[in-house]
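J.: My structure is stored as coords-v3.csv, with CSV, C-alpha atoms and all ligand atoms.
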chain,number,residue,atom,x,y,z
F,237,MET,CA,107.7,94.9,125.2
F,238,ASP,CA,108.2,91.3,124.1
F,239,PHE,CA,106.3,89.9,121.1
F,240,GLU,CA,107.0,86.8,119.1
F,241,TYR,CA,106.6,88.6,115.9
F,242,LYS,CA,109.1,87.7,113.1
F,243,PRO,CA,109.6,88.9,109.6
F,244,SER,CA,108.8,86.5,106.7
F,245,VAL,CA,109.7,88.6,103.6
F,246,LEU,CA,112.8,90.6,102.7
F,247,ALA,CA,112.4,93.2,100.0
F,248,PHE,CA,115.8,94.1,98.5
F,249,ILE,CA,115.9,97.4,96.6
F,250,THR,CA,118.7,96.5,94.3
F,251,THR,CA,119.4,100.0,93.0
F,252,TYR,CA,117.4,103.2,92.4
F,253,SER,CA,118.3,103.0,88.7
F,254,CYS,CA,115.5,102.6,86.2
F,255,ASN,CA,115.1,103.0,82.5
F,256,ALA,CA,111.4,104.1,82.8
F,257,GLY,CA,111.5,107.2,85.0
F,258,CYS,CA,107.7,107.1,85.6
F,259,GLU,CA,105.9,110.2,86.9
F,260,GLY,CA,105.1,109.4,90.6
F,261,CYS,CA,107.8,106.7,91.1
F,262,CYS,CA,108.1,106.4,94.9
F,263,PHE,CA,111.9,106.5,94.8
F,264,ARG,CA,112.2,108.9,91.9
F,265,CYS,CA,114.2,106.3,90.0
F,266,ASN,CA,115.8,107.3,86.8
F,267,ASN,CA,118.5,106.2,84.4
F,268,GLU,CA,121.4,107.3,86.6
F,269,LYS,CA,124.1,104.7,86.6
F,270,ILE,CA,124.4,103.2,90.1
F,271,GLU,CA,127.1,100.7,90.8
F,272,PHE,CA,125.9,97.4,92.1
F,273,ASP,CA,128.2,95.1,94.1
F,274,LEU,CA,127.0,91.5,93.9
F,275,GLU,CA,129.3,90.1,96.5
F,276,LYS,CA,128.5,92.8,99.0
F,277,SER,CA,124.8,92.4,98.3
F,278,ILE,CA,124.9,88.7,98.9
F,279,LYS,CA,126.9,89.1,102.1
F,280,ASN,CA,124.5,91.7,103.5
F,281,ILE,CA,121.4,89.6,102.6
F,282,GLU,CA,123.1,86.6,104.2
F,283,LEU,CA,123.5,88.6,107.4
F,284,VAL,CA,119.9,89.6,107.4
F,285,LEU,CA,118.8,86.0,106.8
F,286,HIS,CA,121.1,84.8,109.6
F,287,SER,CA,119.3,87.1,112.0
F,288,PHE,CA,115.9,86.3,110.7
F,289,PRO,CA,115.7,82.6,109.8
F,290,THR,CA,111.9,83.0,109.4
F,291,ILE,CA,112.3,84.9,106.1
F,292,LYS,CA,111.1,82.6,103.4
F,293,LEU,CA,110.8,85.0,100.4
F,294,ILE,CA,113.2,87.5,99.0
F,295,VAL,CA,111.8,90.1,96.6
F,296,PHE,CA,114.2,91.7,94.2
F,297,THR,CA,113.0,95.1,93.3
F,298,GLY,CA,114.3,98.6,92.5
F,299,GLY,CA,114.6,100.6,90.4
F,300,GLU,CA,114.5,98.1,87.6
F,301,CYS,CA,116.2,95.0,88.8
F,302,PHE,CA,116.6,93.6,85.3
F,303,LEU,CA,119.1,96.3,84.5
F,304,LEU,CA,121.5,94.2,86.7
F,305,GLY,CA,121.7,91.7,83.8
F,306,ASN,CA,123.4,88.4,84.7
F,307,LYS,CA,123.9,89.6,88.3
F,308,LEU,CA,120.1,89.4,88.8
F,309,TYR,CA,120.2,85.7,87.7
F,310,ASP,CA,123.2,85.1,90.0
F,311,LEU,CA,121.2,86.6,93.0
F,312,ILE,CA,118.1,84.5,92.3
F,313,SER,CA,120.1,81.4,91.8
F,314,TYR,CA,122.2,81.9,94.9
F,315,PHE,CA,119.2,82.3,97.2
F,316,SER,CA,117.1,79.7,95.5
F,317,LYS,CA,119.8,77.2,96.1
F,318,GLU,CA,119.7,78.3,99.8
F,319,GLY,CA,116.1,77.2,99.8
F,320,LEU,CA,114.4,80.6,99.7
F,321,LEU,CA,111.5,81.6,97.5
F,322,THR,CA,112.3,84.4,95.1
F,323,ARG,CA,110.3,87.1,93.4
F,324,CYS,CA,111.2,89.9,91.0
F,325,VAL,CA,109.3,93.2,90.4
F,326,THR,CA,109.8,94.7,87.0
F,327,ASN,CA,108.4,97.1,84.4
F,328,GLY,CA,108.8,94.3,81.8
F,329,PHE,CA,110.9,96.4,79.3
F,330,TRP,CA,112.8,93.3,78.3
F,331,GLY,CA,109.6,92.0,76.6
F,332,ARG,CA,109.8,94.5,73.7
F,333,ASP,CA,111.2,91.7,71.6
F,334,LYS,CA,109.4,88.3,71.7
F,335,SER,CA,112.5,86.2,71.4
F,336,ARG,CA,114.3,88.2,74.1
F,337,ALA,CA,111.2,87.8,76.4
F,338,ALA,CA,111.4,84.0,75.8
F,339,TYR,CA,115.1,83.5,76.6
F,340,THR,CA,114.9,85.9,79.6
F,341,ALA,CA,112.0,83.8,81.0
F,342,GLN,CA,114.0,80.6,80.4
F,343,ASP,CA,117.1,82.1,82.2
F,344,LEU,CA,114.8,83.1,85.1
F,345,LYS,CA,113.4,79.6,85.3
F,346,ARG,CA,116.9,78.1,85.2
F,347,ALA,CA,117.9,80.5,88.1
F,348,GLY,CA,115.0,79.2,90.1
F,349,LEU,CA,112.6,82.2,90.2
F,350,ASN,CA,109.2,81.4,91.7
F,351,GLU,CA,107.2,84.6,91.1
F,352,ILE,CA,107.4,87.7,89.0
F,353,ASN,CA,105.3,90.9,89.3
F,354,PHE,CA,105.0,93.2,86.4
F,355,THR,CA,103.7,96.8,86.7
F,356,THR,CA,101.9,98.6,84.0
F,357,GLY,CA,99.1,101.1,83.8
F,358,GLU,CA,98.4,104.8,83.2
F,359,PHE,CA,101.9,106.1,84.0
F,360,HIS,CA,104.1,103.1,83.2
F,361,SER,CA,102.6,102.6,79.8
F,362,LYS,CA,103.8,106.1,78.8
F,363,LYS,CA,107.4,104.8,79.2
F,364,ILE,CA,107.1,101.0,78.6
F,365,PRO,CA,104.7,99.8,75.9
F,366,VAL,CA,102.0,97.4,77.0
F,367,GLU,CA,103.2,94.9,74.3
F,368,SER,CA,106.4,94.5,76.4
F,369,ILE,CA,104.2,93.4,79.3
F,370,LEU,CA,102.2,91.0,77.1
F,371,ASN,CA,105.3,89.3,75.7
F,372,SER,CA,107.2,89.1,78.9
F,373,SER,CA,104.3,87.9,81.1
F,374,ILE,CA,103.3,85.2,78.6
F,375,SER,CA,106.9,84.0,78.5
F,376,THR,CA,107.2,83.8,82.3
F,377,ALA,CA,103.8,82.1,82.5
F,378,LYS,CA,104.9,79.6,79.9
F,379,GLU,CA,107.9,78.8,82.0
F,380,LYS,CA,105.5,78.1,84.9
F,381,ILE,CA,106.7,81.1,86.9
F,382,ASN,CA,103.9,82.6,89.0
F,383,THR,CA,103.0,85.7,87.1
F,384,LEU,CA,101.1,88.7,88.3
F,385,ILE,CA,100.5,92.0,86.5
F,386,ALA,CA,99.7,95.1,88.7
F,387,VAL,CA,97.7,97.7,86.7
F,388,GLU,CA,98.2,101.2,88.2
F,389,SER,CA,96.1,104.3,87.8
F,390,ASN,CA,95.5,107.5,89.6
F,391,ASP,CA,91.8,107.1,89.2
F,392,GLU,CA,89.6,104.0,89.8
F,393,THR,CA,87.4,104.3,86.7
F,394,GLN,CA,90.4,104.8,84.5
F,395,GLY,CA,92.1,101.8,86.2
F,396,ASN,CA,89.1,99.6,85.3
F,397,LEU,CA,89.3,100.7,81.7
F,398,ILE,CA,93.1,100.0,81.5
F,399,GLN,CA,92.6,96.6,83.0
F,400,LEU,CA,89.8,95.7,80.6
F,401,ASP,CA,91.9,96.9,77.7
F,402,LEU,CA,94.8,94.7,78.9
F,403,ILE,CA,92.5,91.7,79.2
F,404,LYS,CA,91.2,92.3,75.6
F,405,ARG,CA,94.7,92.3,74.3
F,406,PHE,CA,95.3,89.0,76.0
F,407,ASP,CA,92.2,87.7,74.3
F,408,ASN,CA,93.8,88.2,70.9
F,409,ILE,CA,96.7,86.1,71.8
F,410,ASN,CA,96.6,82.5,70.9
F,411,ASP,CA,98.2,80.9,74.0
F,412,LEU,CA,95.3,80.3,76.3
F,413,GLU,CA,97.1,77.9,78.6
F,414,SER,CA,99.8,80.4,79.5
F,415,ILE,CA,97.4,83.3,79.7
F,416,LYS,CA,95.1,81.5,82.1
F,417,LYS,CA,98.0,81.4,84.6
F,418,ILE,CA,98.5,85.1,84.7
F,419,LYS,CA,96.9,87.1,87.5
F,420,ILE,CA,95.9,90.7,87.0
F,421,MET,CA,95.2,93.1,89.8
F,422,LYS,CA,94.6,96.8,90.1
F,423,THR,CA,96.6,99.2,92.2
F,424,LEU,CA,96.2,102.9,92.9
F,425,TRP,CA,99.0,105.2,91.8
F,426,ILE,CA,99.9,108.4,93.6
F,427,LYS,CA,101.2,110.8,90.9
F,428,ASP,CA,103.0,113.2,93.2
F,429,LYS,CA,104.6,111.5,96.2
F,430,ASP,CA,105.3,114.9,97.8
F,431,TYR,CA,101.7,115.8,97.7
F,432,LEU,CA,99.9,116.0,101.0
F,433,PRO,CA,96.3,116.4,100.3
F,434,SER,CA,94.8,119.7,101.2
F,435,THR,CA,91.2,119.0,100.7
F,436,PHE,CA,89.7,118.0,104.1
F,437,TYR,CA,86.7,115.9,104.9
F,438,GLU,CA,84.8,114.7,107.9
F,439,ARG,CA,84.8,111.1,107.0
F,440,GLN,CA,85.4,107.6,108.3
F,441,TYR,CA,88.0,105.3,106.7
F,442,GLU,CA,87.8,101.6,107.0
F,443,SER,CA,90.2,100.6,109.8
F,444,LYS,CA,92.6,97.8,108.9
F,445,GLY,CA,95.8,96.8,110.5
F,446,CYS,CA,98.9,97.2,108.4
F,447,ASP,CA,100.1,93.6,107.8
F,448,ASN,CA,103.2,94.9,106.0
F,449,ILE,CA,105.0,96.5,109.0
F,450,PHE,CA,107.3,94.1,110.8
F,451,THR,CA,106.4,91.3,108.3
F,452,THR,CA,108.2,92.6,105.2
F,453,ILE,CA,111.5,94.3,106.0
F,454,THR,CA,113.3,96.3,103.3
F,455,LEU,CA,117.0,96.4,102.5
F,456,THR,CA,118.0,99.6,100.7
F,457,PRO,CA,120.8,99.8,98.1
F,458,ASP,CA,123.0,101.3,100.8
F,459,PHE,CA,122.2,98.4,103.1
F,460,LYS,CA,120.0,99.9,105.7
F,461,LEU,CA,116.9,98.2,107.0
F,462,ARG,CA,113.4,99.6,107.0
F,463,SER,CA,110.4,98.3,109.0
F,464,CYS,CA,108.1,97.8,106.0
F,465,CYS,CA,108.0,98.2,102.3
F,466,GLY,CA,105.5,101.1,102.2
F,467,LEU,CA,105.5,103.8,99.6
F,468,PHE,CA,107.3,106.5,101.5
F,469,ILE,CA,109.8,104.6,103.5
F,470,ASP,CA,112.7,106.6,102.3
F,471,ASN,CA,111.2,109.8,103.8
F,472,ILE,CA,110.2,108.4,107.1
F,473,LYS,CA,113.0,108.3,109.6
F,474,ILE,CA,111.2,106.1,112.2
F,475,PHE,CA,111.1,103.3,109.7
F,476,GLU,CA,114.9,103.0,109.6
F,477,PHE,CA,115.3,100.5,112.3
F,478,SER,CA,118.9,99.5,111.9
F,479,PRO,CA,121.8,101.9,111.2
F,480,LYS,CA,123.9,99.0,109.8
F,481,ILE,CA,123.8,95.4,109.0
F,482,ASP,CA,125.6,93.3,111.7
F,483,ASN,CA,124.9,90.6,114.2
F,484,ASN,CA,122.7,93.0,116.3
F,485,LEU,CA,119.9,93.1,113.8
F,486,LYS,CA,117.5,91.0,115.8
F,487,ASN,CA,117.9,93.4,118.8
F,488,PHE,CA,117.2,96.4,116.6
F,489,TYR,CA,114.2,94.7,115.1
F,490,GLU,CA,112.8,93.9,118.5
F,491,LEU,CA,113.4,97.3,119.9
F,492,GLN,CA,110.7,98.5,117.5
F,493,PHE,CA,108.1,96.7,119.8
F,494,ASN,CA,108.8,99.5,122.3
F,495,ASP,CA,107.5,102.0,119.8
F,496,PHE,CA,103.7,102.1,120.5
F,497,PHE,CA,103.0,104.0,117.3
F,498,LYS,CA,104.4,101.1,115.2
F,499,LEU,CA,102.3,98.6,117.2
F,500,TRP,CA,99.2,100.8,116.6
F,501,LEU,CA,100.0,100.8,112.9
F,502,ARG,CA,100.2,97.0,112.9
F,503,VAL,CA,97.0,96.5,114.8
F,504,GLU,CA,94.7,99.3,113.4
F,505,GLY,CA,96.7,100.8,110.5
F,506,PRO,CA,96.9,104.5,109.7
F,507,TYR,CA,93.1,104.7,109.0
F,508,GLY,CA,92.3,103.1,112.4
F,509,ILE,CA,94.5,105.7,114.1
F,510,ILE,CA,92.8,108.5,112.2
F,511,ASN,CA,89.3,107.1,113.0
F,512,TYR,CA,90.2,107.1,116.7
F,513,ILE,CA,91.5,110.6,116.7
F,514,ILE,CA,88.4,111.8,114.8
F,515,GLU,CA,86.1,110.2,117.4
F,516,LYS,CA,87.9,112.2,120.1
F,517,GLU,CA,88.1,115.5,118.3
F,518,LYS,CA,84.6,115.9,116.9
F,519,GLY,CA,84.6,118.0,113.8
F,520,LEU,CA,88.2,117.3,112.9
F,521,LYS,CA,88.6,117.0,109.2
F,522,VAL,CA,91.2,114.9,107.5
F,523,PRO,CA,92.4,114.7,103.9
F,524,PHE,CA,91.1,112.3,101.3
F,525,PHE,CA,93.7,109.6,100.8
F,526,LEU,CA,94.2,107.3,97.8
F,527,HIS,CA,96.4,104.8,99.7
F,528,GLN,CA,97.0,103.8,103.3
F,529,CYS,CA,100.7,104.6,103.0
F,530,GLN,CA,99.7,108.2,102.1
F,531,ALA,CA,97.6,108.3,105.3
F,532,CYS,CA,100.6,106.9,107.2
F,533,TYR,CA,102.9,109.6,105.8
F,534,TYR,CA,100.3,112.3,106.7
F,535,ILE,CA,99.9,111.3,110.4
F,536,ILE,CA,103.7,111.0,110.8
F,537,LYS,CA,104.6,114.3,109.1
F,538,ASN,CA,101.6,116.5,110.1
F,539,THR,CA,102.7,118.2,113.3
F,540,GLU,CA,99.1,119.0,114.4
F,541,PHE,CA,98.0,115.4,113.9
F,542,ARG,CA,101.1,114.1,115.8
F,543,LYS,CA,100.2,116.3,118.7
F,544,LEU,CA,96.7,114.7,118.8
F,545,ILE,CA,98.3,111.2,118.7
F,546,GLU,CA,100.4,112.2,121.7
F,547,LYS,CA,97.3,113.5,123.5
F,548,TYR,CA,95.3,110.3,123.1
F,549,TYR,CA,97.6,107.3,122.6
F,550,LYS,CA,97.7,106.3,126.2
F,551,GLU,CA,94.0,105.5,126.2
F,552,LYS,CA,94.8,102.8,123.5
F,553,LEU,CA,97.8,101.2,125.3
F,554,ASP,CA,96.1,98.1,126.8
F,555,ASP,CA,93.8,97.4,123.8
F,556,ILE,CA,96.6,97.6,121.3
F,557,VAL,CA,99.2,95.7,123.3
F,558,ILE,CA,96.7,92.8,124.0
F,559,ARG,CA,95.7,92.6,120.3
F,560,MET,CA,99.3,92.8,119.2
F,561,ALA,CA,100.1,89.8,121.4
F,562,VAL,CA,97.3,87.8,119.7
F,563,ILE,CA,98.3,88.9,116.2
F,564,SER,CA,101.9,88.0,116.8
F,565,ARG,CA,100.9,84.5,118.0
F,566,VAL,CA,98.7,84.0,114.9
F,567,GLU,CA,101.4,85.3,112.6
F,568,LEU,CA,104.0,82.9,114.1
F,569,LYS,CA,101.6,80.0,113.5
F,570,ASN,CA,101.1,81.2,109.9
F,571,LEU,CA,104.8,81.2,109.4
F,572,GLU,CA,104.9,77.5,110.2
F,573,LEU,CA,101.9,76.7,108.0
F,574,VAL,CA,102.0,78.9,104.9
F,575,GLY,CA,104.3,78.8,101.9
F,576,TYR,CA,104.5,81.7,99.4
F,577,SER,CA,104.2,80.1,96.0
F,578,ILE,CA,100.7,80.5,94.7
T,601,LIG,S1,109.2,101.3,86.5
T,601,LIG,FE1,108.9,101.4,88.7
T,601,LIG,S2,111.0,101.8,89.5
T,601,LIG,FE2,111.0,102.4,87.3
T,601,LIG,S3,110.5,104.5,87.3
T,601,LIG,FE3,108.6,103.4,87.0
T,601,LIG,S4,107.8,103.2,89.1
T,601,LIG,FE4,109.9,103.7,89.3
T,602,LIG,S1,100.9,102.0,106.0
T,602,LIG,FE1,102.7,102.8,106.9
T,602,LIG,S2,103.6,101.1,108.0
T,602,LIG,FE2,102.1,100.2,106.6
T,602,LIG,S3,103.3,99.8,104.7
T,602,LIG,FE3,102.5,101.8,104.5
T,602,LIG,S4,104.1,103.2,105.2
T,602,LIG,FE4,104.5,101.1,106.0
Please re-express this file's structure in structure tokens.
Ligand code: SF4
Ligand code: SF4
T.:
Amino acid sequence: MDFEYKPSVLAFITTYSCNAGCEGCCFRCNNEKIEFDLEKSIKNIELVLHSFPTIKLIVFTGGECFLLGNKLYDLISYFSKEGLLTRCVTNGFWGRDKSRAAYTAQDLKRAGLNEINFTTGEFHSKKIPVESILNSSISTAKEKINTLIAVESNDETQGNLIQLDLIKRFDNINDLESIKKIKIMKTLWIKDKDYLPSTFYERQYESKGCDNIFTTITLTPDFKLRSCCGLFIDNIKIFEFSPKIDNNLKNFYELQFNDFFKLWLRVEGPYGIINYIIEKEKGLKVPFFLHQCQACYYIIKNTEFRKLIEKYYKEKLDDIVIRMAVISRVELKNLELVGYSI
């Protein structure tokens, strides 16, 4: 099937190495030393960008991308000069010391970084002190880099408390101008990524198309491409859309539009698929999910549920294909209109 859908974001998992080793890390990152080849990385990213000129933003993530040291600044600088927007995702460990936080932020600014996302919360703070996040985020905000802190928790109430505590700590810091520029958001954390919920409910989820699939493509440290940057992409074979990086990428990307399941995910999301199947199979119970990627993992890995999708998907063909055509036109228009810097 032909759609004019194009990716706009490339997430590059630089390495799976991380100094934190949080419980529930989606890639089980730890301090293992993994070699990183800057030239090879740049070459592969260039190939991806060549195939997808609509990509405007590159996200450097991991693992902990700041473990790359100067090579991270080289990456940012290289692609900033090429006219791309850049973002880093970090646990903020480099903010333990205020002066280190300040000069790191200055180096990031010089390299041309546009955005930085910090993650802290219930599980991260067991490994990286919250003070590190305070120091590093204030330093990047001072350098006028768009700064966002994601506060994770396994439990919504607990997440609210951690967020309030973080805001209170900011209140005690005498740098209002910088603090005002920092955005804080909550995010749910799944402690055990292998866990498939076993408590079943008859319930309705709110259907919402997944605007990540097809839009954000992920480049892994071994240079394979994935269809989205969801939580479980390493464990879901169907999301590996290109076996290697070469000039054929665009074809491999577009071949995905023949996969109706992916179209359905884009248009109605995993919850929408679950809702439809529940409507058909009265009395069917599904687990309680904390995150839509967890629901996605469930409907892909659960053999019984997959059989139900196979049984009913044809009824949805026309509806989903028509809506996908509309969505892809709108997304294409958005690509022309919207920038990414906040
Ligand atoms: S900081 Fe992030 S990448 Fe590192 S272990 Fe924790 S969740 Fe994983
Ligand atoms: S819901 Fe599924 S398709 Fe969407 S980001 Fe998560 S894993 Fe990827």
J.: Could you work out an axis-aligned box for ligand LIG 601 (chain T), taking every atom the file lists and adding 5 Å on each side, and report centre and edge lengths in Å to one decimal, as JSON?
T.:
{"center_x": 109.4, "center_y": 102.9, "center_z": 88.0, "size_x": 13.2, "size_y": 13.2, "size_z": 13.0}
J.: To one decimal in Å, tell me the separation between CA of Thr251 (chain F) and CA of Lys317 (chain F).
T.: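 Atom-to-atom, CA of Thr251 (chain F) to CA of Lys317 (chain F), that is 23.0 Å.
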J.: Which residues are near ligand LIG 601 (chain T) - at most 9 Å, using all atoms listed in the file? Format: as a PDB file with C-alpha atoms, keeping the file's coordinate frame.
T.:
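Listing of pocket_3.pdb after writing:
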ATOM      1  CA  TYR F 252     117.400 103.200  92.400  1.00  0.00           C
ATOM      2  CA  SER F 253     118.300 103.000  88.700  1.00  0.00           C
ATOM      3  CA  CYS F 254     115.500 102.600  86.200  1.00  0.00           C
ATOM      4  CA  ASN F 255     115.100 103.000  82.500  1.00  0.00           C
ATOM      5  CA  ALA F 256     111.400 104.100  82.800  1.00  0.00           C
ATOM      6  CA  GLY F 257     111.500 107.200  85.000  1.00  0.00           C
ATOM      7  CA  CYS F 258     107.700 107.100  85.600  1.00  0.00           C
ATOM      8  CA  GLU F 259     105.900 110.200  86.900  1.00  0.00           C
ATOM      9  CA  GLY F 260     105.100 109.400  90.600  1.00  0.00           C
ATOM     10  CA  CYS F 261     107.800 106.700  91.100  1.00  0.00           C
ATOM     11  CA  CYS F 262     108.100 106.400  94.900  1.00  0.00           C
ATOM     12  CA  PHE F 263     111.900 106.500  94.800  1.00  0.00           C
ATOM     13  CA  ARG F 264     112.200 108.900  91.900  1.00  0.00           C
ATOM     14  CA  CYS F 265     114.200 106.300  90.000  1.00  0.00           C
ATOM     15  CA  ASN F 266     115.800 107.300  86.800  1.00  0.00           C
ATOM     16  CA  ASN F 267     118.500 106.200  84.400  1.00  0.00           C
ATOM     17  CA  THR F 297     113.000  95.100  93.300  1.00  0.00           C
ATOM     18  CA  GLY F 298     114.300  98.600  92.500  1.00  0.00           C
ATOM     19  CA  GLY F 299     114.600 100.600  90.400  1.00  0.00           C
ATOM     20  CA  GLU F 300     114.500  98.100  87.600  1.00  0.00           C
ATOM     21  CA  CYS F 301     116.200  95.000  88.800  1.00  0.00           C
ATOM     22  CA  VAL F 325     109.300  93.200  90.400  1.00  0.00           C
ATOM     23  CA  THR F 326     109.800  94.700  87.000  1.00  0.00           C
ATOM     24  CA  ASN F 327     108.400  97.100  84.400  1.00  0.00           C
ATOM     25  CA  GLY F 328     108.800  94.300  81.800  1.00  0.00           C
ATOM     26  CA  PHE F 329     110.900  96.400  79.300  1.00  0.00           C
ATOM     27  CA  THR F 355     103.700  96.800  86.700  1.00  0.00           C
ATOM     28  CA  THR F 356     101.900  98.600  84.000  1.00  0.00           C
ATOM     29  CA  PHE F 359     101.900 106.100  84.000  1.00  0.00           C
ATOM     30  CA  HIS F 360     104.100 103.100  83.200  1.00  0.00           C
ATOM     31  CA  LYS F 363     107.400 104.800  79.200  1.00  0.00           C
ATOM     32  CA  ILE F 364     107.100 101.000  78.600  1.00  0.00           C
TER      33      ILE F 364
END
J.: Residues at most 8 Å from ligand LIG 602 (chain T), using only C-alpha atoms and all ligand atoms? Could they come as JSON, numbers by chain?
T.: {"F": [446, 447, 448, 449, 463, 464, 465, 466, 467, 468, 469, 475, 498, 501, 502, 505, 506, 528, 529, 530, 531, 532, 533]}
J.: I need the residues from that last selection saved to file as a PDB file, in the frame of the given file (with C-alpha atoms), if you can.
T.:
ATOM      1  CA  CYS F 446      98.900  97.200 108.400  1.00  0.00           C
ATOM      2  CA  ASP F 447     100.100  93.600 107.800  1.00  0.00           C
ATOM      3  CA  ASN F 448     103.200  94.900 106.000  1.00  0.00           C
ATOM      4  CA  ILE F 449     105.000  96.500 109.000  1.00  0.00           C
ATOM      5  CA  SER F 463     110.400  98.300 109.000  1.00  0.00           C
ATOM      6  CA  CYS F 464     108.100  97.800 106.000  1.00  0.00           C
ATOM      7  CA  CYS F 465     108.000  98.200 102.300  1.00  0.00           C
ATOM      8  CA  GLY F 466     105.500 101.100 102.200  1.00  0.00           C
ATOM      9  CA  LEU F 467     105.500 103.800  99.600  1.00  0.00           C
ATOM     10  CA  PHE F 468     107.300 106.500 101.500  1.00  0.00           C
ATOM     11  CA  ILE F 469     109.800 104.600 103.500  1.00  0.00           C
ATOM     12  CA  PHE F 475     111.100 103.300 109.700  1.00  0.00           C
ATOM     13  CA  LYS F 498     104.400 101.100 115.200  1.00  0.00           C
ATOM     14  CA  LEU F 501     100.000 100.800 112.900  1.00  0.00           C
ATOM     15  CA  ARG F 502     100.200  97.000 112.900  1.00  0.00           C
ATOM     16  CA  GLY F 505      96.700 100.800 110.500  1.00  0.00           C
ATOM     17  CA  PRO F 506      96.900 104.500 109.700  1.00  0.00           C
ATOM     18  CA  GLN F 528      97.000 103.800 103.300  1.00  0.00           C
ATOM     19  CA  CYS F 529     100.700 104.600 103.000  1.00  0.00           C
ATOM     20  CA  GLN F 530      99.700 108.200 102.100  1.00  0.00           C
ATOM     21  CA  ALA F 531      97.600 108.300 105.300  1.00  0.00           C
ATOM     22  CA  CYS F 532     100.600 106.900 107.200  1.00  0.00           C
ATOM     23  CA  TYR F 533     102.900 109.600 105.800  1.00  0.00           C
TER      24      TYR F 533
END
J.: What's the 10 Å shell around Arg405 (chain F), counting only C-alpha atoms, without same-chain residues fewer than 3 positions away, as a list in words?
T.: Val366, Glu367, Leu370, Gln399, Leu400, Asp401, Leu402, Asn408 and Ile409 of chain F
J.: Using all atoms listed in the file for the distances, tell me which of F:Ser373, F:Glu358, F:Ile420, F:Asn350 is nearest to Thr393 (chain F).
T.: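 Among the listed residues, the smallest separation from Thr393 (chain F) belongs to F:Glu358.
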